[in-house]
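Heads up, the thing below is written out as structure tokens.
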Amino acid sequence: MRVRILGSAAGGGFPQWNCACPNCRALRAGTFHGKSRTQAQVAVSGDGRSWFLLGASPDLRAQIEATPELHPCPSSENDAVRQSPIAGVVLLNAELDHTLGLLLLRELQPLRVYATASVHRILAEDNAMFAMLQRVPGQLTWSDFTPGSAFPLLTPAGKDSGLRCLPVSLGTHFPAYVSPSRQDQCSQQEASLGLFVESPSGKRLAYMPAVPQIDDFLLKELDASDVVFFDGTFWSDDELIRTQGSGQTAGQMGHVPVSSARGSLAQLAQLRQPRKIYVHINNTNPMLNEAGPEYREMRAAGWEIAEDGWQFEI
Ligand SMILES: [Zn+2]
């Protein structure tokens, strides 16, 4: 399985357009010891030809252009000019940071989109703009999945990519834009998921960009993975409140922090098998600063912090 990290930041990216936190200011000033990042986006492929996007980032257009594997590549003069190696998208929630990119893929390109029935209905029935993705037959094919049930990734033509996905329910909160009446119709178990992607040879990638709590089931599944992409949104629970003077805690926003006794550094220390990589890093997170103590602590614990453009095979 080939894996590419197209974007590694949380919503807003790094720097964030309306943020003057110490990280964003230093990055703009050119004095920051670390890299800018676009909003979280991962792509996987079983054969190196058909690619599947995990989420659909608002930065997707630029991310595709920065990734040669995702460029249209007619193999002969008879091939269509309009085409794409991108075969499908797996959506893990209905948040804007995770779904807006779908609207950027609207140029009548056939795509298969995997989502829970709740996320599918929220996007397709409550947001009129998504009709642009279904203007002609065969443009966008929705495939609903159920948390806990594995499913194969198929191309728009129905060809099996060889990749298998196992979605697991992690969070129960729908985005703030979802009306109370719609939320009543939805299953909370379908609100926010993590994903395990398995290759034909049995290699396993875990993609967990938003994890509200870590339990024994998740620990066991993560330890059975070869690579873990894990929620690195916030270093500390009160990070946003301390940075901007108000707001919500990491826990209230559905993210376990990296540090503290209940944080992911401590709770995932027992994982022995997988390569551990933080993704979905918020611009306020001090571990973005590679000259800082938080970065050193994270690296000393055996973790890496994802950067845009990283690629590897598992
Ligand atoms: Zn900032």
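Chain labels follow the order of the structure tokens: the first chain is A, the next B, and so on; residue numbering restarts at 1 in every chain, and ligands are counted from 1 in their shown order.
Taking only C-alpha atoms and all ligand atoms into account, ligand 1 has within 9 Å the residues A:Gly12, A:Gly13, A:Phe14, A:Pro15, A:Gln16, A:Trp17, A:Asn18, A:Cys19, A:Ala20, A:Cys21, A:Pro22, A:Asn23, A:Cys24, A:Arg25, A:Thr243, A:Asn282, A:Asn283, A:Thr284, A:Asn285.
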Requested in this report: Can you pull out every residue within 7 Å of Glu290 in chain A, counting only C-alpha atoms, but drop anything in the same chain fewer than 4 positions away, and send it as a PyMOL selection string?
Outcome: chain A and resi 33-34+295
Quiz prompt | range 43-174 of chain A: residues DSSP assigns to helix (DSSP H, G or I), reported as an MDAnalysis selection string | solution = chainID A and resid 60:65 68:70 96:105 117:126 128:134
Non-local contacts of range 35-38 of chain A (12 Å; only C-alpha atoms; under 6 positions in same chain excluded) as a PDB file with N, CA and C atoms, in the first residue's frame:
```pdb
ATOM      1  N   ILE A   5       0.945  11.721   2.572  1.00  0.00           N
ATOM      2  CA  ILE A   5       0.356  12.755   3.422  1.00  0.00           C
ATOM      3  C   ILE A   5       0.358  14.048   2.612  1.00  0.00           C
ATOM      4  N   LEU A   6      -0.833  14.484   2.213  1.00  0.00           N
ATOM      5  CA  LEU A   6      -0.927  15.704   1.405  1.00  0.00           C
ATOM      6  C   LEU A   6      -1.030  16.943   2.294  1.00  0.00           C
ATOM      7  N   GLY A   7      -1.647  16.768   3.450  1.00  0.00           N
ATOM      8  CA  GLY A   7      -1.794  17.878   4.389  1.00  0.00           C
ATOM      9  C   GLY A   7      -1.785  17.329   5.806  1.00  0.00           C
ATOM     10  N   SER A   8      -1.173  18.072   6.739  1.00  0.00           N
ATOM     11  CA  SER A   8      -0.987  17.523   8.082  1.00  0.00           C
ATOM     12  C   SER A   8      -1.515  18.419   9.194  1.00  0.00           C
ATOM     13  N   ALA A   9      -2.097  19.584   8.845  1.00  0.00           N
ATOM     14  CA  ALA A   9      -2.588  20.515   9.868  1.00  0.00           C
ATOM     15  C   ALA A   9      -4.056  20.252  10.189  1.00  0.00           C
ATOM     16  N   ALA A  10      -4.476  20.737  11.341  1.00  0.00           N
ATOM     17  CA  ALA A  10      -5.897  20.727  11.687  1.00  0.00           C
ATOM     18  C   ALA A  10      -6.607  21.831  10.906  1.00  0.00           C
ATOM     19  N   GLY A  11      -7.905  21.985  11.151  1.00  0.00           N
ATOM     20  CA  GLY A  11      -8.696  22.989  10.464  1.00  0.00           C
ATOM     21  C   GLY A  11      -8.080  24.375  10.590  1.00  0.00           C
ATOM     22  N   GLY A  12      -8.050  25.115   9.481  1.00  0.00           N
ATOM     23  CA  GLY A  12      -7.435  26.439   9.481  1.00  0.00           C
ATOM     24  C   GLY A  12      -6.044  26.422   8.886  1.00  0.00           C
ATOM     25  N   GLY A  13      -5.367  25.256   8.971  1.00  0.00           N
ATOM     26  CA  GLY A  13      -4.010  25.150   8.441  1.00  0.00           C
ATOM     27  C   GLY A  13      -3.009  25.891   9.311  1.00  0.00           C
ATOM     28  N   PHE A  14      -1.750  25.900   8.873  1.00  0.00           N
ATOM     29  CA  PHE A  14      -0.689  26.588   9.597  1.00  0.00           C
ATOM     30  C   PHE A  14       0.197  27.336   8.616  1.00  0.00           C
ATOM     31  N   PRO A  15       0.208  28.686   8.628  1.00  0.00           N
ATOM     32  CA  PRO A  15      -0.547  29.535   9.557  1.00  0.00           C
ATOM     33  C   PRO A  15      -2.020  29.618   9.172  1.00  0.00           C
ATOM     34  N   GLN A  16      -2.831  30.016  10.147  1.00  0.00           N
ATOM     35  CA  GLN A  16      -4.270  30.178   9.928  1.00  0.00           C
ATOM     36  C   GLN A  16      -4.552  31.643   9.607  1.00  0.00           C
ATOM     37  N   TRP A  17      -5.410  31.895   8.639  1.00  0.00           N
ATOM     38  CA  TRP A  17      -5.579  33.239   8.082  1.00  0.00           C
ATOM     39  C   TRP A  17      -5.887  34.317   9.114  1.00  0.00           C
ATOM     40  N   ASN A  23       2.970  30.879  17.290  1.00  0.00           N
ATOM     41  CA  ASN A  23       3.412  30.035  16.170  1.00  0.00           C
ATOM     42  C   ASN A  23       3.158  30.713  14.822  1.00  0.00           C
ATOM     43  N   CYS A  24       1.915  31.178  14.603  1.00  0.00           N
ATOM     44  CA  CYS A  24       1.563  31.765  13.303  1.00  0.00           C
ATOM     45  C   CYS A  24       2.369  33.034  13.036  1.00  0.00           C
ATOM     46  N   ARG A  25       2.562  33.851  14.090  1.00  0.00           N
ATOM     47  CA  ARG A  25       3.330  35.095  13.903  1.00  0.00           C
ATOM     48  C   ARG A  25       4.773  34.795  13.538  1.00  0.00           C
ATOM     49  N   ALA A  26       5.371  33.837  14.246  1.00  0.00           N
ATOM     50  CA  ALA A  26       6.777  33.511  13.973  1.00  0.00           C
ATOM     51  C   ALA A  26       6.937  32.900  12.583  1.00  0.00           C
ATOM     52  N   LEU A  27       5.965  32.089  12.176  1.00  0.00           N
ATOM     53  CA  LEU A  27       6.057  31.476  10.843  1.00  0.00           C
ATOM     54  C   LEU A  27       6.001  32.543   9.761  1.00  0.00           C
ATOM     55  N   ARG A  28       5.072  33.501   9.931  1.00  0.00           N
ATOM     56  CA  ARG A  28       4.961  34.581   8.941  1.00  0.00           C
ATOM     57  C   ARG A  28       6.204  35.462   8.926  1.00  0.00           C
ATOM     58  N   SER A  57     -10.011  17.602   1.990  1.00  0.00           N
ATOM     59  CA  SER A  57      -9.545  18.842   2.603  1.00  0.00           C
ATOM     60  C   SER A  57      -9.940  20.078   1.794  1.00  0.00           C
ATOM     61  N   PRO A  58     -10.184  21.211   2.469  1.00  0.00           N
ATOM     62  CA  PRO A  58     -10.403  22.472   1.741  1.00  0.00           C
ATOM     63  C   PRO A  58      -9.199  22.883   0.896  1.00  0.00           C
ATOM     64  N   ASP A  59      -8.018  22.319   1.186  1.00  0.00           N
ATOM     65  CA  ASP A  59      -6.802  22.643   0.429  1.00  0.00           C
ATOM     66  C   ASP A  59      -6.536  21.641  -0.692  1.00  0.00           C
ATOM     67  N   LEU A  60      -7.536  20.869  -1.043  1.00  0.00           N
ATOM     68  CA  LEU A  60      -7.313  19.726  -1.931  1.00  0.00           C
ATOM     69  C   LEU A  60      -6.765  20.105  -3.304  1.00  0.00           C
ATOM     70  N   ARG A  61      -7.234  21.191  -3.879  1.00  0.00           N
ATOM     71  CA  ARG A  61      -6.776  21.530  -5.230  1.00  0.00           C
ATOM     72  C   ARG A  61      -5.250  21.710  -5.272  1.00  0.00           C
ATOM     73  N   ALA A  62      -4.733  22.508  -4.326  1.00  0.00           N
ATOM     74  CA  ALA A  62      -3.285  22.721  -4.277  1.00  0.00           C
ATOM     75  C   ALA A  62      -2.551  21.440  -3.891  1.00  0.00           C
ATOM     76  N   GLN A  63      -3.151  20.650  -3.032  1.00  0.00           N
ATOM     77  CA  GLN A  63      -2.505  19.393  -2.604  1.00  0.00           C
ATOM     78  C   GLN A  63      -2.383  18.415  -3.776  1.00  0.00           C
ATOM     79  N   ILE A  64      -3.414  18.362  -4.615  1.00  0.00           N
ATOM     80  CA  ILE A  64      -3.354  17.493  -5.800  1.00  0.00           C
ATOM     81  C   ILE A  64      -2.258  17.966  -6.744  1.00  0.00           C
ATOM     82  N   ALA A  66       0.390  19.445  -6.036  1.00  0.00           N
ATOM     83  CA  ALA A  66       1.708  19.207  -5.438  1.00  0.00           C
ATOM     84  C   ALA A  66       2.074  17.728  -5.426  1.00  0.00           C
ATOM     85  N   ASP A  97     -13.816  21.034   7.524  1.00  0.00           N
ATOM     86  CA  ASP A  97     -12.391  20.804   7.259  1.00  0.00           C
ATOM     87  C   ASP A  97     -12.149  19.459   6.582  1.00  0.00           C
ATOM     88  N   VAL A 279      -0.778  13.541  13.273  1.00  0.00           N
ATOM     89  CA  VAL A 279      -1.332  14.299  12.149  1.00  0.00           C
ATOM     90  C   VAL A 279      -2.395  15.257  12.701  1.00  0.00           C
ATOM     91  N   HIS A 280      -2.957  16.111  11.824  1.00  0.00           N
ATOM     92  CA  HIS A 280      -4.042  17.005  12.226  1.00  0.00           C
ATOM     93  C   HIS A 280      -3.572  17.913  13.370  1.00  0.00           C
ATOM     94  N   ILE A 281      -2.455  18.613  13.122  1.00  0.00           N
ATOM     95  CA  ILE A 281      -1.840  19.452  14.156  1.00  0.00           C
ATOM     96  C   ILE A 281      -2.425  20.861  14.075  1.00  0.00           C
ATOM     97  N   ASN A 282      -2.957  21.347  15.190  1.00  0.00           N
ATOM     98  CA  ASN A 282      -3.479  22.714  15.179  1.00  0.00           C
ATOM     99  C   ASN A 282      -2.329  23.721  15.216  1.00  0.00           C
ATOM    100  N   ASN A 283      -2.557  24.895  14.608  1.00  0.00           N
ATOM    101  CA  ASN A 283      -1.473  25.884  14.503  1.00  0.00           C
ATOM    102  C   ASN A 283      -0.993  26.391  15.859  1.00  0.00           C
ATOM    103  N   MET A 287       4.262  21.822  19.811  1.00  0.00           N
ATOM    104  CA  MET A 287       5.206  20.813  19.291  1.00  0.00           C
ATOM    105  C   MET A 287       5.515  21.029  17.814  1.00  0.00           C
ATOM    106  N   LEU A 288       4.839  22.008  17.163  1.00  0.00           N
ATOM    107  CA  LEU A 288       5.218  22.383  15.794  1.00  0.00           C
ATOM    108  C   LEU A 288       6.595  23.043  15.762  1.00  0.00           C
ATOM    109  N   ASN A 289       6.983  23.626  16.895  1.00  0.00           N
ATOM    110  CA  ASN A 289       8.269  24.323  16.995  1.00  0.00           C
ATOM    111  C   ASN A 289       9.384  23.303  17.257  1.00  0.00           C
ATOM    112  N   GLU A 290      10.192  23.054  16.249  1.00  0.00           N
ATOM    113  CA  GLU A 290      11.201  22.005  16.348  1.00  0.00           C
ATOM    114  C   GLU A 290      12.380  22.402  17.241  1.00  0.00           C
ATOM    115  N   ALA A 291      12.377  23.643  17.705  1.00  0.00           N
ATOM    116  CA  ALA A 291      13.419  24.070  18.644  1.00  0.00           C
ATOM    117  C   ALA A 291      12.896  24.046  20.082  1.00  0.00           C
ATOM    118  N   ILE A 305       6.141  13.729  13.723  1.00  0.00           N
ATOM    119  CA  ILE A 305       5.078  14.688  13.434  1.00  0.00           C
ATOM    120  C   ILE A 305       4.995  14.838  11.915  1.00  0.00           C
ATOM    121  N   ALA A 306       3.815  14.571  11.383  1.00  0.00           N
ATOM    122  CA  ALA A 306       3.661  14.496   9.921  1.00  0.00           C
ATOM    123  C   ALA A 306       3.944  15.839   9.266  1.00  0.00           C
ATOM    124  N   GLU A 307       4.511  15.752   8.050  1.00  0.00           N
ATOM    125  CA  GLU A 307       4.714  16.948   7.231  1.00  0.00           C
ATOM    126  C   GLU A 307       4.040  16.740   5.890  1.00  0.00           C
ATOM    127  N   ASP A 308       3.555  17.818   5.303  1.00  0.00           N
ATOM    128  CA  ASP A 308       2.965  17.746   3.971  1.00  0.00           C
ATOM    129  C   ASP A 308       3.986  17.176   2.994  1.00  0.00           C
ATOM    130  N   GLY A 309       3.538  16.249   2.165  1.00  0.00           N
ATOM    131  CA  GLY A 309       4.407  15.684   1.136  1.00  0.00           C
ATOM    132  C   GLY A 309       5.056  14.367   1.517  1.00  0.00           C
ATOM    133  N   TRP A 310       4.970  13.973   2.783  1.00  0.00           N
ATOM    134  CA  TRP A 310       5.558  12.691   3.167  1.00  0.00           C
ATOM    135  C   TRP A 310       4.910  11.552   2.389  1.00  0.00           C
TER     136      TRP A 310
END
```
- Query: Do you know which residues are at most 10 Å from Leu91 in chain A counting only C-alpha atoms, after dropping those on the same chain fewer than 6 positions away, and could you put them as a PyMOL selection string?
  - Reply: chain A and resi 53-56+98-99+102+113-116+119-120+192-195
Write out as a short mmCIF file (atom, residue, chain, number, x, y, z; two decimals) with N, CA, C and O atoms, in the first residue's frame the residues lying within 7 Å of Val258 in chain A, counting only C-alpha atoms and excluding same-chain residues fewer than 3 positions away.
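Final output, out-v6.cif:
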```
data_model
loop_
_atom_site.label_atom_id
_atom_site.label_comp_id
_atom_site.auth_asym_id
_atom_site.auth_seq_id
_atom_site.Cartn_x
_atom_site.Cartn_y
_atom_site.Cartn_z
N GLY A 232 -3.09 14.75 16.64
CA GLY A 232 -2.12 15.60 17.30
C GLY A 232 -2.60 17.04 17.36
O GLY A 232 -1.79 17.98 17.38
N PHE A 234 -4.06 19.13 19.63
CA PHE A 234 -3.64 20.02 20.72
C PHE A 234 -2.61 19.37 21.61
O PHE A 234 -2.71 18.18 21.94
N TRP A 235 -1.65 20.16 22.06
CA TRP A 235 -0.67 19.67 23.02
C TRP A 235 -1.31 19.53 24.40
O TRP A 235 -1.14 18.53 25.07
N SER A 236 -2.09 20.55 24.80
CA SER A 236 -2.70 20.52 26.14
C SER A 236 -4.19 20.79 26.04
O SER A 236 -4.67 21.38 25.07
N GLY A 263 -3.26 12.05 28.17
CA GLY A 263 -2.92 12.39 26.79
C GLY A 263 -2.40 11.20 26.00
O GLY A 263 -2.11 10.13 26.56
N SER A 264 -2.26 11.40 24.69
CA SER A 264 -1.90 10.28 23.81
C SER A 264 -0.44 9.84 23.99
O SER A 264 -0.13 8.66 23.83
N LEU A 265 0.46 10.78 24.34
CA LEU A 265 1.86 10.36 24.56
C LEU A 265 1.92 9.30 25.65
O LEU A 265 2.59 8.27 25.51
#
```
- [ ] Write out as an MDAnalysis selection string each polymer residue whose atoms come within 9 Å of Arg164 in chain A, counting only C-alpha atoms; drop sequence neighbours fewer than 4 positions from it.
- [x] chainID A and resid 150:153 196:200
Counting only C-alpha atoms, closest pick from A:Ala87, A:Ala250, A:Met208, A:Val228 relative to Trp303 in chain A is A:Val228
